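A.B. asks: Dropping the structure in here first, questions after.
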Amino acid sequence: MIQIKRCGYNITHENGFTVDRPDGSGDFLFVLFRSKMAVELQGKTVITEQNSYILYGRNSKQYYKVIEQPMVHDWFHFDSDEMDELCRQLGLPLDAIITAHDPFYISRKVNELQTEHIHNGPYKREIMDATVRCLLMKLSEMRTRIDSNHYISKHYDQFINLRNVIYNSPSVSYSIDELATSMNMSRSHFQQLYKEIFGVSVMNDIIRNRLEFALHLLENSVHDIKTIAELCGYDNEVHFMRQFKKSVHLTPTQYRRKYRSPAN
């Protein structure tokens, strides 16, 4: 079983932050660099692009430092006797900088790990083990599908930038025609490429992002349900509540009562 030791989601650091572990951390470390970093690998310093990740082996040297502000990254330390064989089967190299073809997916999985770690439920270990395996398999699948398909890869950055805009503005109502036009593509071609790259239709992705933002607001804000619906891009409060219950299997009020942070 894969055991999570500690993790961090959306962690930021000031200029000067450096990790320097000459003999590793004694476990495996996964890091998603969401900003540019200077990373030392095999005696050479490599400047990563935004949204790159690295999977460090158990005793691998770990050295990286901030070169861009704000420095943002997601990470988790974990251990398992089967990791070397699992990485071999999945074709995931250790101690190598790899482009994160879907950084939003990776961040969500790290957030799930952190949330599960905090909630400390009866199946915590099993859920976290399954979450890491799901992430690693998805990373393997994305590398195989996108890296080997030049037609998809040449549009990749363009789609990532668009998705970043969508994810950072959940209150905005987007139409497929408007999005396709912004990419200089036909509606059908845009929808096909979006699903091929991200594994989900554009409208389902927009809905999922809105609902995830709603979960965050319900847990961490004092906004009423009507305001949360508006902040998540819903003109109709009833429609929001129906869509929320269909996805979460609880009403927004029930979810807030169950999961709201004690500080709020």
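Naming works like this for the structure tokens: A, B, ... for the chains as they're shown, residue 1 at the start of each chain, ligands 1 onward in shown order.
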Show me, as a compact mmCIF listing (two decimals) with C-alpha atoms, in the first residue's frame, the residues that have an atom within 9 Å of Ser171 of chain A when counting only C-alpha atoms, minus same-chain residues fewer than 4 positions from it.
C.D. replies:
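Output file selection_37.txt follows:
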# COMPACT_ATOMS: atom_id res chain seq x y z
CA ARG A 210 -17.82 25.82 -10.65
CA ALA A 229 -24.48 30.46 -6.70
CA GLU A 230 -23.80 33.86 -8.29
CA LEU A 231 -20.05 33.67 -7.55
CA CYS A 232 -20.02 30.28 -9.27
CA GLY A 233 -21.64 31.58 -12.44
CA TYR A 234 -25.26 30.57 -11.82
A.B. asks: Can you list, as an MDAnalysis selection string, every protein, DNA or RNA residue that comes within 7 Å of Arg58 of chain A when you count only C-alpha atoms, leaving out same-chain residues fewer than 5 positions away?
C.D. replies: chainID A and resid 24:28
A.B. asks: Any chance you could export the current selection's N, CA, C and O atoms as a PDB file, in the first residue's frame?
C.D. replies:
ATOM      1  N   GLY A  24      18.436  12.891  -0.214  1.00  0.00           N
ATOM      2  CA  GLY A  24      17.000  12.680  -0.328  1.00  0.00           C
ATOM      3  C   GLY A  24      16.292  12.836   1.000  1.00  0.00           C
ATOM      4  O   GLY A  24      16.881  13.268   2.002  1.00  0.00           O
ATOM      5  N   SER A  25      15.044  12.462   1.012  1.00  0.00           N
ATOM      6  CA  SER A  25      14.220  12.601   2.217  1.00  0.00           C
ATOM      7  C   SER A  25      13.909  11.258   2.865  1.00  0.00           C
ATOM      8  O   SER A  25      13.159  11.185   3.830  1.00  0.00           O
ATOM      9  N   GLY A  26      14.463  10.175   2.299  1.00  0.00           N
ATOM     10  CA  GLY A  26      14.202   8.860   2.863  1.00  0.00           C
ATOM     11  C   GLY A  26      12.891   8.263   2.418  1.00  0.00           C
ATOM     12  O   GLY A  26      12.506   7.176   2.850  1.00  0.00           O
ATOM     13  N   ASP A  27      12.189   8.972   1.537  1.00  0.00           N
ATOM     14  CA  ASP A  27      10.938   8.485   0.969  1.00  0.00           C
ATOM     15  C   ASP A  27      10.818   9.038  -0.446  1.00  0.00           C
ATOM     16  O   ASP A  27      11.717   9.719  -0.935  1.00  0.00           O
ATOM     17  N   PHE A  28       9.734   8.749  -1.116  1.00  0.00           N
ATOM     18  CA  PHE A  28       9.487   9.295  -2.444  1.00  0.00           C
ATOM     19  C   PHE A  28       8.833  10.671  -2.296  1.00  0.00           C
ATOM     20  O   PHE A  28       8.075  10.914  -1.354  1.00  0.00           O
TER      21      PHE A  28
END
A.B. asks: List as an MDAnalysis selection string the protein and nucleic acid residues near Leu193 of chain A, meaning an atom at most 10 Å away when only C-alpha atoms are counted, but skip any in the same chain fewer than 3 places from it.
C.D. replies: chainID A and resid 151:152 155:156 159 185 188:190 196:199 201:202
A.B. asks: So how many Å separate atom CA of Met128 of chain A and atom CA of Gly91 of chain A, to one decimal?
C.D. replies: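 Straight-line distance from atom CA of Met128 of chain A to atom CA of Gly91 of chain A works out to 21.5 Å.
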A.B. asks: Name the closest residue to His13 of chain A among the candidates A:Pro70, A:Gly121, A:Pro93, A:Pro252; distances are taken between atoms, counting only C-alpha atoms.
C.D. replies: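 Under the stated criterion, the closest residue is A:Pro70.
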A.B. asks: Skipping near chain neighbours, those fewer than 3 positions away, what residues fall within 7 Å of Asp20 of chain A using only C-alpha atoms, listed as number ranges by chain?
C.D. replies: A: 62-64
A.B. asks: Rounded to one decimal in Å, what is the spacing between atom CA of Ile225 of chain A and atom CA of Leu250 of chain A?
C.D. replies: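 Straight-line distance from atom CA of Ile225 of chain A to atom CA of Leu250 of chain A works out to 13.5 Å.
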A.B. asks: Would you mind telling me which residue in A:Leu92, A:Val31, A:Ile97, A:Cys87 lies nearest to Ile47 of chain A when using only C-alpha atoms?
C.D. replies: A:Ile97
A.B. asks: Check the DSSP output for the backbone and give back, as a compact mmCIF listing (two decimals) with N, CA and C atoms, in the first residue's frame, the residues of segment 42-159 of chain A in strand (DSSP E or B).
C.D. replies:
# COMPACT_ATOMS: atom_id res chain seq x y z
N LYS A 44 23.77 19.11 -12.78
CA LYS A 44 23.49 20.26 -13.65
C LYS A 44 22.23 20.98 -13.17
N THR A 45 22.22 22.31 -13.30
CA THR A 45 21.07 23.10 -12.91
C THR A 45 20.15 23.29 -14.12
N VAL A 46 18.89 22.93 -13.93
CA VAL A 46 17.88 23.03 -14.99
C VAL A 46 16.82 24.04 -14.55
N ILE A 47 16.44 24.92 -15.45
CA ILE A 47 15.36 25.87 -15.18
C ILE A 47 14.07 25.27 -15.72
N SER A 52 5.54 22.01 -14.35
CA SER A 52 6.39 20.84 -14.55
C SER A 52 6.39 20.04 -13.26
N TYR A 53 6.63 18.74 -13.37
CA TYR A 53 6.67 17.96 -12.14
C TYR A 53 7.87 17.03 -12.14
N ILE A 54 8.20 16.56 -10.95
CA ILE A 54 9.30 15.63 -10.77
C ILE A 54 8.92 14.63 -9.69
N LEU A 55 9.31 13.39 -9.90
CA LEU A 55 9.08 12.32 -8.93
C LEU A 55 10.45 11.85 -8.45
N TYR A 56 10.79 12.24 -7.23
CA TYR A 56 12.09 11.88 -6.67
C TYR A 56 12.06 10.47 -6.08
N GLN A 62 17.67 15.96 -3.60
CA GLN A 62 16.59 16.91 -3.86
C GLN A 62 17.14 18.32 -3.67
N TYR A 63 17.22 19.04 -4.78
CA TYR A 63 17.68 20.43 -4.71
C TYR A 63 16.86 21.26 -5.69
N TYR A 64 16.12 22.22 -5.15
CA TYR A 64 15.42 23.18 -6.00
C TYR A 64 15.23 24.48 -5.24
N LYS A 65 15.19 25.58 -5.99
CA LYS A 65 15.07 26.89 -5.35
C LYS A 65 14.22 27.84 -6.21
N VAL A 66 13.73 28.86 -5.54
CA VAL A 66 12.85 29.85 -6.17
C VAL A 66 13.64 30.72 -7.15
N MET A 71 6.31 31.97 -5.89
CA MET A 71 6.64 30.56 -6.04
C MET A 71 5.48 29.74 -5.49
N VAL A 72 4.91 28.89 -6.35
CA VAL A 72 3.76 28.07 -5.97
C VAL A 72 4.04 26.62 -6.34
N HIS A 73 3.75 25.70 -5.43
CA HIS A 73 3.91 24.30 -5.77
C HIS A 73 2.99 23.42 -4.93
N ASP A 74 2.73 22.22 -5.46
CA ASP A 74 1.98 21.18 -4.76
C ASP A 74 2.92 20.00 -4.58
N TRP A 75 2.82 19.30 -3.46
CA TRP A 75 3.76 18.21 -3.23
C TRP A 75 3.19 17.20 -2.24
N PHE A 76 3.77 16.00 -2.27
CA PHE A 76 3.48 15.02 -1.22
C PHE A 76 4.62 14.02 -1.11
N HIS A 77 4.95 13.70 0.14
CA HIS A 77 5.93 12.67 0.46
C HIS A 77 5.17 11.37 0.68
N PHE A 78 5.70 10.28 0.15
CA PHE A 78 5.01 9.00 0.30
C PHE A 78 6.02 7.87 0.23
N ASP A 79 5.58 6.67 0.56
CA ASP A 79 6.49 5.53 0.51
C ASP A 79 5.71 4.26 0.19
N ILE A 98 9.32 16.65 -15.94
CA ILE A 98 8.34 16.26 -16.95
C ILE A 98 7.27 17.36 -17.06
N THR A 99 6.87 17.65 -18.28
CA THR A 99 5.81 18.63 -18.49
C THR A 99 4.49 18.10 -17.93
A.B. asks: Go through A:Arg256, A:Arg208, A:Arg133, A:Arg6 one by one, measure the shortest atom-to-atom distance of each to Tyr167 of chain A using only C-alpha atoms, and give the residue with the smallest value.
C.D. replies: A:Arg208
